[in-house]
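> I'd like to ask you about the structure that follows.
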Amino acid sequence: MNKINFLKPDNQNLSIYLYSGSFLFFIAVLDVFLGSFFGMNITSFLPNFISFLLPLILGIIGLHLIRIEFSGIRNLDLLNKHINTNIFNAALTLLIIFTVIKSIPPIMSWFIIDANITGDTKEACTGSGACWTYIKIWLNRFIYGMYPNELQWRINISFILLIGLAFVGLIPSEKIKKFLTLYYVVIYPIIAFILIYYLISGGSLGLEWVETGAWGGLSLTFIVSFFCLIFCFPVGMFLALGRRSQLPTVRYISVGFIEFWRGVPLITVLFMSSVMFPMFLPEDFFMDKLVRVIIAISLFEAAYVAEVIRGGLQALPRGQYDAAKSLGMGYWKMHIFVILPQALKLVIPGIANTFLALVKDTPLIFVVGLLEIVGMLNLAKTNPEWLGFAMEGYVFAAIIFWIICYAMSKYSYNLELKYKTER
Amino acid sequence: MSDKIIQMENVNKWFGDFQVLKDINLEVNQKQKIVVCGPSGSGKSTLIRCINRLEEHQKGRITVDGNELTEDTKDIEKIRAEVGMVFQQFNLFPHLSILDNCTLAPIWVKKMPKKQAEELAMKQLQQVQIADQAKKFPGQLSGGQQQRCAIARALCMEPKIMLFDEPTSALDPEMIKEVLDAMVNLAKAGMTMIVVTHEMGFAKEVADEVIFMDEGMIVEKQPTKDFFAKPKSDRTKLFLSQIL
Ligand SMILES: Nc1ncnc2c1ncn2[C@@H]1O[C@H](COP(=O)(O)OP(=O)(O)OP(=O)(O)O)[C@@H](O)[C@H]1O
Ligand SMILES: [Mg+2]
């Protein structure tokens with residue numbers, strides 16, 4: 001009994017344990033810190049093996065010394081309760097702390113300390129870290145693709161207008177609120193299409209025509225994602241309803257459609273959209289490849305959206321249908337006012353999932369020769385003057401995608417909270 | 001037109017091979033109150049769900065307010081709008097406030113102006129004593145309040161007939177009374193009602209006729225007094241002895 005109590009604090013001698021425990025813990029962290037940041041080994045007098053493990057041992061002893069059931073000191077109790085409940089958890093905590101300390105210096109040096117951003121040729125990059133000069137020089141291409149520099153203001157204006165118009169919903173006016181759904185579902189997409197068709201594409205109103213093959217980079221990522229999201233959602237919704245329809249024809253067509261698109265890889269679909277699809281069209285019928293790609297991705301993702309929404313429809317109790325019907329609502333009224341609002345609310349996380357996957361699938365459009373941001377990176381990395389900077393490019397793209405996706409995921413989480421009504 | 005508002009003639013219904021309703025004959029006059037009772041699984045719910053065609057019958061004729069129930073869905077919606085229904089599980093719309101629950105159908109089915117619908121809804125909510133809850137959501141109300149809201153919601157369609165399917169079975173005892181009170185008031189106001197319930201006190205107070213069902217058949221159908229005083233069939237006697 002004595003032996004266990006020997007290293008156990010109680011409320012009388014708490015402070016001495018607290019100080020000695022914290023001290024050991026501090027030494028352990030300091031040892032790792034110095035080793036990691038300054039290459040110093042303050043325990044080099046010890047045998048190699050022990051010197052390596054010493055921080056862990058010291059840390060575990062230190063945490064053991066401060067482990068107490070209840071001390072009344074709030075932070076200490078929180079610490080003990082969450083990360084220091086037993087030796088195993090203490091060791092895990094220490095390992096995580098050490099890993100973070102160990103990995104900071106190399107990451108910092110690659111990203112910042114040893115990185116270069118000045119100059120405008122490859123030769124400017126002398127350090128061993130990242131060559132941000134490469135990103136800087138190519139940034140314009142990564143954002144606008146091959147879109148002519150002197151016309152890029154057209155893209156800028158379109159995007160600024162679209163972002164501005166997206167905030168109409170925030171206007172606190174009852175009159176406008178009534179039409180919000182209509183606005184976002186119908187009017188906004190139409191405005192977006194008109195802007196992109198007349199301003200970005202051009203060819204009329206005295207604006208020079210820029211073929212879609214020249215579009216690219218991040219702006220293309222946005223255009224493709226935007227339209228695919230807008231189209232795949234309603235299509236998916238109708239497919240989900242169709243799959244549960246009483247009418248056999250509608251049901252079989254929906255099932256067939258969904259199973260077909262879910263069964264083929266996106267890359268095949270994109271390839272077919274550019275190679276096979278035109279063969280079925282009349283000679284003089286022309287459909288831009290960007291349009292074909294957007295249709296293809298939309299239909300592909302619609303199949304997934306349909307199944308997600310169907311899950312929500314199935315989760316609703318039959319009583320909701322009964323109640324709506326008993327009030328005299330027909331199929332459409334019942335679905336628009338009672339069923340879909342509840343089902344869609346349930347599947348916000350699933351839809352967000354599908355949408356995120358969609359955004360991250362957009363780089364695949366390279367198979368038809370459209371180069372969005374990753375496509376442009378791949379192009380830039382094979383430029384003879386800029387060979388060897390693939391890493392910087394991919395890290396850059398990863399950060400961009402992460403920002404986009406994180407924003408979307410935050411937004412979907414807010415939607416969930418906004419529509420939470422029960423309990 | 002006669003004052004027979006509901007007529008069921010030789011109605012039969014199957015779920016797959018299983019026959020739930022066997023040769024049901026039932027006539028309900030305007031303003032009549034009918035209580036239906038019987039053991040679990042005897043087909044009570046199915047019977048009243050056939051009256052607004054939430055279930056389809058396969059044989060026989062059902063006529064509601066002079067319209068026969070057929071495949072023609074346009075008519076069905078019109079008939080359903082005139083037949084209110086209250087369910088065991090309340091089935092309020094959880095995403096809408098109490099007030100919106102009540103105004104949804106009047107506005108979109110009956111094309112009533114929003115303002116008028118809200119006035120009507122507040123009047124009905126007042127009747128069942130939950131006008132002060134109008135802005136809340138169903139999830140924030142007690143079971144008894146939810147069921148009273150469900151009654152108000154059905155009444156907002158100004159129906160000619162009200163169907164109740166075990167409206168108090170999912171409620172705690174102390175909430176049963178408040179719901180039954182609302183139903184008694186409705187009965188006194190002259191509504192035609194068919195009520196599936198095991199609350200025999202309610203039956204004695206308001207019912208004109210009580211029906212006892214077993215195994216898909218109407219075993220006994222008598223005026224309320226006679227039903228309790230001198231039931232004809234042994235099954236009814238047994239059932240009553242168990243329940244009273
Ligand atoms: N959708 C359905 N499919 C198949 N069988 C069903 C269905 N609905 C009900 N049944 C069956 O029909 C029979 C009658 O059901 P019903 O719900 O009408 O009984 P009930 O008298 O209302 O019983 P309870 O008092 O338990 O509500 C039961 O045996 C039930 O299992
Ligand atoms: Mg029942």
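Just remember, in the structure tokens the first chain shown is A, the second B, etc., residues are 1-based per chain, and ligands are 1-based in the order shown.
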Counting only C-alpha atoms, which residues from chain A have an atom at most 8 Å from any atom of chain B, and could you show them as a list in words?

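Within 8 Å of chain B on chain A, we get Gly319, Gln320, Asp322, Ala323, Lys325, Ser326, Leu327, Gly328, Met329, Gly330, Lys333, Val338, Pro341, Gln342, Thr421, Glu422 and Arg423 of chain A.
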
> Just want the residues within 7 Å of ligand 1, written as a VMD selection string, counting only C-alpha atoms and all ligand atoms.

chain B and resid 15 20 38 to 47

> Show me, as a list in words, the residues that have an atom within 8 Å of Leu229 (chain A) when counting only C-alpha atoms, minus same-chain residues fewer than 6 positions from it.

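What passes the distance filter is Ser298, Phe355 and Leu358 of chain A.
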
> Selected residues, N, CA and C atoms, written as a short mmCIF file (atom, residue, chain, number, x, y, z; two decimals), in the first residue's frame, please.


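Dumped to part_12.cif:
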```cif
data_model
loop_
_atom_site.label_atom_id
_atom_site.label_comp_id
_atom_site.auth_asym_id
_atom_site.auth_seq_id
_atom_site.Cartn_x
_atom_site.Cartn_y
_atom_site.Cartn_z
N SER A 298 -22.63 17.02 -63.88
CA SER A 298 -23.90 17.22 -63.17
C SER A 298 -24.71 15.94 -63.11
N PHE A 355 -21.06 17.29 -52.39
CA PHE A 355 -20.61 18.52 -53.04
C PHE A 355 -19.10 18.69 -52.90
N LEU A 358 -17.49 16.55 -55.28
CA LEU A 358 -17.62 17.11 -56.63
C LEU A 358 -16.52 18.14 -56.89
#
```

> Residues near Ala390 (chain A), anyone? I mean within 12 Å using only C-alpha atoms, not counting same-chain ones fewer than 4 positions away, as an mmCIF file with all heavy atoms, in the first residue's frame.


```cif
data_model
loop_
_atom_site.group_PDB
_atom_site.id
_atom_site.type_symbol
_atom_site.label_atom_id
_atom_site.label_comp_id
_atom_site.auth_asym_id
_atom_site.auth_seq_id
_atom_site.Cartn_x
_atom_site.Cartn_y
_atom_site.Cartn_z
ATOM 1 N N ALA A 130 11.036 25.851 -49.904
ATOM 2 C CA ALA A 130 10.129 25.967 -51.041
ATOM 3 C C ALA A 130 10.530 27.137 -51.934
ATOM 4 O O ALA A 130 11.138 28.099 -51.485
ATOM 5 C CB ALA A 130 8.709 26.175 -50.536
ATOM 6 N N CYS A 131 10.154 27.028 -53.213
ATOM 7 C CA CYS A 131 10.432 28.103 -54.153
ATOM 8 C C CYS A 131 9.124 28.797 -54.487
ATOM 9 O O CYS A 131 8.456 28.456 -55.459
ATOM 10 C CB CYS A 131 11.066 27.522 -55.419
ATOM 11 S SG CYS A 131 11.412 28.756 -56.674
ATOM 12 N N TRP A 132 8.717 29.737 -53.638
ATOM 13 C CA TRP A 132 7.431 30.413 -53.868
ATOM 14 C C TRP A 132 7.510 31.346 -55.061
ATOM 15 O O TRP A 132 6.489 31.822 -55.548
ATOM 16 C CB TRP A 132 6.996 31.168 -52.613
ATOM 17 C CG TRP A 132 6.775 30.278 -51.418
ATOM 18 C CD1 TRP A 132 7.339 30.419 -50.193
ATOM 19 C CD2 TRP A 132 5.932 29.119 -51.336
ATOM 20 N NE1 TRP A 132 6.920 29.419 -49.351
ATOM 21 C CE2 TRP A 132 6.051 28.602 -50.025
ATOM 22 C CE3 TRP A 132 5.103 28.457 -52.237
ATOM 23 C CZ2 TRP A 132 5.389 27.467 -49.603
ATOM 24 C CZ3 TRP A 132 4.431 27.320 -51.819
ATOM 25 C CH2 TRP A 132 4.581 26.836 -50.516
ATOM 26 N N TYR A 134 8.194 30.505 -57.921
ATOM 27 C CA TYR A 134 7.505 29.749 -58.973
ATOM 28 C C TYR A 134 5.997 30.003 -58.931
ATOM 29 O O TYR A 134 5.364 30.320 -59.941
ATOM 30 C CB TYR A 134 7.846 28.271 -58.772
ATOM 31 C CG TYR A 134 6.927 27.266 -59.400
ATOM 32 C CD1 TYR A 134 7.005 26.968 -60.758
ATOM 33 C CD2 TYR A 134 6.010 26.575 -58.617
ATOM 34 C CE1 TYR A 134 6.184 26.008 -61.311
ATOM 35 C CE2 TYR A 134 5.189 25.619 -59.171
ATOM 36 C CZ TYR A 134 5.269 25.340 -60.515
ATOM 37 O OH TYR A 134 4.458 24.400 -61.061
ATOM 38 N N ILE A 135 5.429 29.911 -57.711
ATOM 39 C CA ILE A 135 3.991 30.171 -57.567
ATOM 40 C C ILE A 135 3.699 31.622 -57.945
ATOM 41 O O ILE A 135 2.734 31.915 -58.654
ATOM 42 C CB ILE A 135 3.543 29.920 -56.113
ATOM 43 C CG1 ILE A 135 3.839 28.485 -55.689
ATOM 44 C CG2 ILE A 135 2.057 30.235 -55.946
ATOM 45 C CD1 ILE A 135 3.031 27.442 -56.393
ATOM 46 N N VAL A 374 -5.389 22.483 -60.929
ATOM 47 C CA VAL A 374 -4.417 21.382 -60.905
ATOM 48 C C VAL A 374 -3.873 21.126 -62.311
ATOM 49 O O VAL A 374 -2.683 20.848 -62.495
ATOM 50 C CB VAL A 374 -5.052 20.112 -60.313
ATOM 51 C CG1 VAL A 374 -4.058 18.963 -60.344
ATOM 52 C CG2 VAL A 374 -5.495 20.363 -58.884
ATOM 53 N N MET A 376 -3.434 23.367 -64.617
ATOM 54 C CA MET A 376 -2.441 24.404 -64.878
ATOM 55 C C MET A 376 -1.128 24.112 -64.163
ATOM 56 O O MET A 376 -0.043 24.345 -64.689
ATOM 57 C CB MET A 376 -2.967 25.780 -64.437
ATOM 58 C CG MET A 376 -4.059 26.382 -65.285
ATOM 59 S SD MET A 376 -3.757 26.373 -67.054
ATOM 60 C CE MET A 376 -2.306 27.406 -67.159
ATOM 61 N N LEU A 377 -1.233 23.568 -62.935
ATOM 62 C CA LEU A 377 -0.030 23.197 -62.190
ATOM 63 C C LEU A 377 0.770 22.151 -62.962
ATOM 64 O O LEU A 377 1.987 22.243 -63.092
ATOM 65 C CB LEU A 377 -0.414 22.615 -60.833
ATOM 66 C CG LEU A 377 -0.817 23.612 -59.764
ATOM 67 C CD1 LEU A 377 -1.462 22.901 -58.607
ATOM 68 C CD2 LEU A 377 0.403 24.359 -59.303
ATOM 69 N N ASN A 378 0.043 21.164 -63.446
ATOM 70 C CA ASN A 378 0.727 20.106 -64.180
ATOM 71 C C ASN A 378 1.403 20.647 -65.427
ATOM 72 O O ASN A 378 2.481 20.208 -65.808
ATOM 73 C CB ASN A 378 -0.265 19.000 -64.556
ATOM 74 C CG ASN A 378 -0.559 18.110 -63.367
ATOM 75 O OD1 ASN A 378 0.290 17.961 -62.493
ATOM 76 N ND2 ASN A 378 -1.752 17.554 -63.336
ATOM 77 N N LEU A 379 0.720 21.607 -66.038
ATOM 78 C CA LEU A 379 1.293 22.216 -67.231
ATOM 79 C C LEU A 379 2.559 22.990 -66.867
ATOM 80 O O LEU A 379 3.606 22.859 -67.506
ATOM 81 C CB LEU A 379 0.262 23.160 -67.852
ATOM 82 C CG LEU A 379 0.599 23.710 -69.229
ATOM 83 C CD1 LEU A 379 0.523 22.587 -70.248
ATOM 84 C CD2 LEU A 379 -0.364 24.826 -69.599
ATOM 85 N N ALA A 380 2.463 23.772 -65.778
ATOM 86 C CA ALA A 380 3.584 24.620 -65.371
ATOM 87 C C ALA A 380 4.781 23.784 -64.942
ATOM 88 O O ALA A 380 5.929 24.146 -65.191
ATOM 89 C CB ALA A 380 3.144 25.534 -64.226
ATOM 90 N N LYS A 381 4.508 22.670 -64.321
ATOM 91 C CA LYS A 381 5.637 21.907 -63.779
ATOM 92 C C LYS A 381 6.436 21.245 -64.901
ATOM 93 O O LYS A 381 7.587 20.863 -64.692
ATOM 94 C CB LYS A 381 5.125 20.895 -62.751
ATOM 95 C CG LYS A 381 5.058 19.460 -63.202
ATOM 96 C CD LYS A 381 4.451 18.566 -62.186
ATOM 97 C CE LYS A 381 4.021 17.296 -62.925
ATOM 98 N NZ LYS A 381 3.200 16.409 -62.207
ATOM 99 N N THR A 382 5.831 21.111 -66.090
ATOM 100 C CA THR A 382 6.584 20.528 -67.196
ATOM 101 C C THR A 382 7.229 21.599 -68.067
ATOM 102 O O THR A 382 7.859 21.296 -69.062
ATOM 103 C CB THR A 382 5.659 19.671 -68.094
ATOM 104 O OG1 THR A 382 4.535 20.463 -68.443
ATOM 105 C CG2 THR A 382 5.214 18.430 -67.372
ATOM 106 N N ASN A 383 7.050 22.867 -67.678
ATOM 107 C CA ASN A 383 7.716 23.936 -68.414
ATOM 108 C C ASN A 383 9.227 23.826 -68.207
ATOM 109 O O ASN A 383 9.696 23.794 -67.072
ATOM 110 C CB ASN A 383 7.204 25.287 -67.884
ATOM 111 C CG ASN A 383 7.757 26.445 -68.676
ATOM 112 O OD1 ASN A 383 8.976 26.568 -68.804
ATOM 113 N ND2 ASN A 383 6.876 27.265 -69.209
ATOM 114 N N TRP A 386 11.010 25.758 -65.604
ATOM 115 C CA TRP A 386 10.567 25.648 -64.212
ATOM 116 C C TRP A 386 10.447 24.197 -63.781
ATOM 117 O O TRP A 386 9.556 23.836 -63.034
ATOM 118 C CB TRP A 386 9.228 26.360 -64.018
ATOM 119 C CG TRP A 386 9.343 27.841 -64.099
ATOM 120 C CD1 TRP A 386 9.114 28.613 -65.186
ATOM 121 C CD2 TRP A 386 9.736 28.720 -63.052
ATOM 122 N NE1 TRP A 386 9.343 29.916 -64.907
ATOM 123 C CE2 TRP A 386 9.723 30.024 -63.589
ATOM 124 C CE3 TRP A 386 10.105 28.547 -61.714
ATOM 125 C CZ2 TRP A 386 10.072 31.135 -62.842
ATOM 126 C CZ3 TRP A 386 10.434 29.641 -60.972
ATOM 127 C CH2 TRP A 386 10.422 30.934 -61.538
ATOM 128 N N TYR A 394 1.797 21.416 -55.813
ATOM 129 C CA TYR A 394 0.763 20.581 -55.203
ATOM 130 C C TYR A 394 0.397 21.072 -53.815
ATOM 131 O O TYR A 394 -0.771 21.030 -53.420
ATOM 132 C CB TYR A 394 1.207 19.118 -55.171
ATOM 133 C CG TYR A 394 1.189 18.509 -56.553
ATOM 134 C CD1 TYR A 394 2.296 17.885 -57.086
ATOM 135 C CD2 TYR A 394 0.036 18.600 -57.338
ATOM 136 C CE1 TYR A 394 2.272 17.359 -58.366
ATOM 137 C CE2 TYR A 394 0.004 18.081 -58.618
ATOM 138 C CZ TYR A 394 1.122 17.463 -59.133
ATOM 139 O OH TYR A 394 1.087 16.962 -60.390
ATOM 140 N N VAL A 395 1.405 21.547 -53.076
ATOM 141 C CA VAL A 395 1.094 22.106 -51.758
ATOM 142 C C VAL A 395 0.176 23.319 -51.926
ATOM 143 O O VAL A 395 -0.831 23.464 -51.223
ATOM 144 C CB VAL A 395 2.385 22.507 -51.012
ATOM 145 C CG1 VAL A 395 2.050 23.338 -49.776
ATOM 146 C CG2 VAL A 395 3.159 21.272 -50.607
ATOM 147 N N PHE A 396 0.486 24.143 -52.908
ATOM 148 C CA PHE A 396 -0.345 25.319 -53.185
ATOM 149 C C PHE A 396 -1.782 24.900 -53.502
ATOM 150 O O PHE A 396 -2.747 25.407 -52.929
ATOM 151 C CB PHE A 396 0.269 26.105 -54.339
ATOM 152 C CG PHE A 396 -0.535 27.299 -54.760
ATOM 153 C CD1 PHE A 396 -0.646 28.410 -53.931
ATOM 154 C CD2 PHE A 396 -1.180 27.319 -55.994
ATOM 155 C CE1 PHE A 396 -1.379 29.513 -54.325
ATOM 156 C CE2 PHE A 396 -1.920 28.426 -56.390
ATOM 157 C CZ PHE A 396 -2.020 29.517 -55.545
ATOM 158 N N ALA A 397 -1.916 23.924 -54.423
ATOM 159 C CA ALA A 397 -3.254 23.464 -54.797
ATOM 160 C C ALA A 397 -3.970 22.871 -53.599
ATOM 161 O O ALA A 397 -5.170 23.111 -53.396
ATOM 162 C CB ALA A 397 -3.167 22.434 -55.915
#
```

> Find the residue from B:Ile130, B:Ile107, B:Met8, B:Met183 that sits nearest to Asp65 (chain B); use only C-alpha atoms when measuring.

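Of all the options, B:Met8 lies closest to Asp65 (chain B).
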
> In Å, with one decimal, what is the gap from CA of Lys136 (chain A) to CA of Gly119 (chain A)?

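Spanning CA of Lys136 (chain A) to CA of Gly119 (chain A) is a straight-line distance of 9.5 Å.
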
> Report the distance between CA of Glu301 (chain A) and CA of Ala192 (chain A) in Å, rounded to one decimal place.

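Computing the Euclidean distance for CA of Glu301 (chain A) and CA of Ala192 (chain A) yields 20.4 Å.
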
> Measuring between only C-alpha atoms, which one of A:Ile190, A:Leu180, A:Cys232, A:Val29 shows the shortest distance to Ala302 (chain A)?

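Closest residue, counting only C-alpha atoms: A:Cys232.
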
> Do you know which residues are at most 10 Å from Gln58 (chain B) counting only C-alpha atoms, after dropping those on the same chain fewer than 2 positions away, and could you put them as a ChimeraX atom specification?

/B:11-15,21,55-56,60-61

> Using only all heavy atoms, please write the residues we just selected to a file, as a PDB file, in the first residue's frame.


```pdb
ATOM      1  N   VAL B  11     -67.694  -3.498 -47.761  1.00  0.00           N
ATOM      2  CA  VAL B  11     -66.294  -3.142 -48.006  1.00  0.00           C
ATOM      3  C   VAL B  11     -65.366  -4.260 -47.538  1.00  0.00           C
ATOM      4  O   VAL B  11     -65.498  -4.780 -46.434  1.00  0.00           O
ATOM      5  CB  VAL B  11     -65.938  -1.833 -47.271  1.00  0.00           C
ATOM      6  CG1 VAL B  11     -64.446  -1.547 -47.384  1.00  0.00           C
ATOM      7  CG2 VAL B  11     -66.755  -0.680 -47.845  1.00  0.00           C
ATOM      8  N   ASN B  12     -64.484  -4.657 -48.438  1.00  0.00           N
ATOM      9  CA  ASN B  12     -63.486  -5.685 -48.136  1.00  0.00           C
ATOM     10  C   ASN B  12     -62.107  -5.145 -48.447  1.00  0.00           C
ATOM     11  O   ASN B  12     -61.922  -4.416 -49.412  1.00  0.00           O
ATOM     12  CB  ASN B  12     -63.711  -6.937 -48.994  1.00  0.00           C
ATOM     13  CG  ASN B  12     -64.890  -7.736 -48.498  1.00  0.00           C
ATOM     14  OD1 ASN B  12     -64.752  -8.585 -47.639  1.00  0.00           O
ATOM     15  ND2 ASN B  12     -66.072  -7.422 -49.032  1.00  0.00           N
ATOM     16  N   LYS B  13     -61.167  -5.519 -47.608  1.00  0.00           N
ATOM     17  CA  LYS B  13     -59.795  -5.087 -47.872  1.00  0.00           C
ATOM     18  C   LYS B  13     -58.812  -6.162 -47.455  1.00  0.00           C
ATOM     19  O   LYS B  13     -58.969  -6.817 -46.445  1.00  0.00           O
ATOM     20  CB  LYS B  13     -59.485  -3.793 -47.096  1.00  0.00           C
ATOM     21  CG  LYS B  13     -58.039  -3.417 -47.238  1.00  0.00           C
ATOM     22  CD  LYS B  13     -57.708  -2.024 -46.840  1.00  0.00           C
ATOM     23  CE  LYS B  13     -56.226  -1.786 -47.043  1.00  0.00           C
ATOM     24  NZ  LYS B  13     -55.779  -1.883 -48.443  1.00  0.00           N
ATOM     25  N   TRP B  14     -57.811  -6.315 -48.322  1.00  0.00           N
ATOM     26  CA  TRP B  14     -56.749  -7.279 -48.017  1.00  0.00           C
ATOM     27  C   TRP B  14     -55.399  -6.570 -47.962  1.00  0.00           C
ATOM     28  O   TRP B  14     -55.147  -5.652 -48.725  1.00  0.00           O
ATOM     29  CB  TRP B  14     -56.665  -8.329 -49.133  1.00  0.00           C
ATOM     30  CG  TRP B  14     -57.791  -9.314 -49.170  1.00  0.00           C
ATOM     31  CD1 TRP B  14     -57.792 -10.573 -48.640  1.00  0.00           C
ATOM     32  CD2 TRP B  14     -59.065  -9.152 -49.810  1.00  0.00           C
ATOM     33  NE1 TRP B  14     -58.983 -11.203 -48.881  1.00  0.00           N
ATOM     34  CE2 TRP B  14     -59.799 -10.355 -49.601  1.00  0.00           C
ATOM     35  CE3 TRP B  14     -59.691  -8.116 -50.500  1.00  0.00           C
ATOM     36  CZ2 TRP B  14     -61.092 -10.537 -50.084  1.00  0.00           C
ATOM     37  CZ3 TRP B  14     -60.967  -8.302 -50.989  1.00  0.00           C
ATOM     38  CH2 TRP B  14     -61.653  -9.493 -50.785  1.00  0.00           C
ATOM     39  N   PHE B  15     -54.554  -7.011 -47.055  1.00  0.00           N
ATOM     40  CA  PHE B  15     -53.121  -6.682 -47.146  1.00  0.00           C
ATOM     41  C   PHE B  15     -52.445  -7.947 -47.634  1.00  0.00           C
ATOM     42  O   PHE B  15     -52.232  -8.870 -46.852  1.00  0.00           O
ATOM     43  CB  PHE B  15     -52.542  -6.265 -45.786  1.00  0.00           C
ATOM     44  CG  PHE B  15     -52.879  -4.870 -45.369  1.00  0.00           C
ATOM     45  CD1 PHE B  15     -53.569  -4.624 -44.192  1.00  0.00           C
ATOM     46  CD2 PHE B  15     -52.492  -3.792 -46.153  1.00  0.00           C
ATOM     47  CE1 PHE B  15     -53.867  -3.327 -43.809  1.00  0.00           C
ATOM     48  CE2 PHE B  15     -52.789  -2.496 -45.769  1.00  0.00           C
ATOM     49  CZ  PHE B  15     -53.478  -2.268 -44.596  1.00  0.00           C
ATOM     50  N   LEU B  21     -60.443  -6.298 -43.592  1.00  0.00           N
ATOM     51  CA  LEU B  21     -61.833  -5.867 -43.447  1.00  0.00           C
ATOM     52  C   LEU B  21     -62.722  -6.863 -44.181  1.00  0.00           C
ATOM     53  O   LEU B  21     -62.468  -7.214 -45.333  1.00  0.00           O
ATOM     54  CB  LEU B  21     -62.041  -4.461 -44.027  1.00  0.00           C
ATOM     55  CG  LEU B  21     -61.287  -3.318 -43.331  1.00  0.00           C
ATOM     56  CD1 LEU B  21     -61.613  -1.995 -43.992  1.00  0.00           C
ATOM     57  CD2 LEU B  21     -61.613  -3.275 -41.849  1.00  0.00           C
ATOM     58  N   GLU B  55     -56.029   4.318 -47.024  1.00  0.00           N
ATOM     59  CA  GLU B  55     -55.917   2.932 -47.490  1.00  0.00           C
ATOM     60  C   GLU B  55     -56.978   2.732 -48.568  1.00  0.00           C
ATOM     61  O   GLU B  55     -58.077   3.270 -48.461  1.00  0.00           O
ATOM     62  CB  GLU B  55     -56.179   1.939 -46.353  1.00  0.00           C
ATOM     63  CG  GLU B  55     -55.282   2.095 -45.149  1.00  0.00           C
ATOM     64  CD  GLU B  55     -53.871   1.594 -45.378  1.00  0.00           C
ATOM     65  OE1 GLU B  55     -53.593   1.074 -46.490  1.00  0.00           O
ATOM     66  OE2 GLU B  55     -53.047   1.734 -44.459  1.00  0.00           O
ATOM     67  N   GLU B  56     -56.637   1.952 -49.592  1.00  0.00           N
ATOM     68  CA  GLU B  56     -57.615   1.671 -50.635  1.00  0.00           C
ATOM     69  C   GLU B  56     -58.330   0.372 -50.318  1.00  0.00           C
ATOM     70  O   GLU B  56     -57.700  -0.600 -49.934  1.00  0.00           O
ATOM     71  CB  GLU B  56     -56.912   1.540 -51.992  1.00  0.00           C
ATOM     72  CG  GLU B  56     -56.325   2.844 -52.487  1.00  0.00           C
ATOM     73  CD  GLU B  56     -55.438   2.633 -53.701  1.00  0.00           C
ATOM     74  OE1 GLU B  56     -55.593   1.610 -54.385  1.00  0.00           O
ATOM     75  OE2 GLU B  56     -54.571   3.486 -53.932  1.00  0.00           O
ATOM     76  N   GLY B  60     -66.349  -3.519 -52.755  1.00  0.00           N
ATOM     77  CA  GLY B  60     -67.403  -2.773 -52.085  1.00  0.00           C
ATOM     78  C   GLY B  60     -67.369  -1.297 -52.457  1.00  0.00           C
ATOM     79  O   GLY B  60     -66.582  -0.879 -53.299  1.00  0.00           O
ATOM     80  N   ARG B  61     -68.276  -0.544 -51.833  1.00  0.00           N
ATOM     81  CA  ARG B  61     -68.388   0.877 -52.163  1.00  0.00           C
ATOM     82  C   ARG B  61     -68.290   1.727 -50.909  1.00  0.00           C
ATOM     83  O   ARG B  61     -68.853   1.401 -49.870  1.00  0.00           O
ATOM     84  CB  ARG B  61     -69.751   1.154 -52.804  1.00  0.00           C
ATOM     85  CG  ARG B  61     -69.856   0.806 -54.273  1.00  0.00           C
ATOM     86  CD  ARG B  61     -71.338   0.691 -54.629  1.00  0.00           C
ATOM     87  NE  ARG B  61     -72.051   1.945 -54.325  1.00  0.00           N
ATOM     88  CZ  ARG B  61     -72.324   2.870 -55.230  1.00  0.00           C
ATOM     89  NH1 ARG B  61     -71.942   2.693 -56.485  1.00  0.00           N
ATOM     90  NH2 ARG B  61     -72.984   3.950 -54.907  1.00  0.00           N
TER      91      ARG B  61
END
```

> Considering only strand (DSSP E) as DSSP defines it on the backbone, what residues of region 15-240 of chain B qualify? List them as a ChimeraX atom specification.

/B:15,18-29,33-37,59-64,67-68,83-86,161-165,192-196,209-214,217-223

> Quick one: residues within 7 Å of Ile294 (chain A), only C-alpha atoms, excluding same-chain residues fewer than 2 positions away - as a PyMOL selection string?

chain A and resi 224+227-228+290-292+296-298

> Report the residues of region 82-237 of chain B whose backbone DSSP state falls under alpha helix (DSSP H), written as number ranges by chain.

B: 82, 98-108, 114-127, 143-155, 173-188, 200-206, 224-229, 234-237

> For Gln242 (chain B), please output as a VMD selection string all residues within 12 Å (counting only C-alpha atoms; exclusion window: fewer than 4 positions along the same chain).

chain B and resid 38 to 39 198 200 235 to 238

> As an exercise, work out the distance from CA of Phe52 (chain A) to CA of Lys81 (chain A) in Å and give it to one decimal place.

28.6 Å
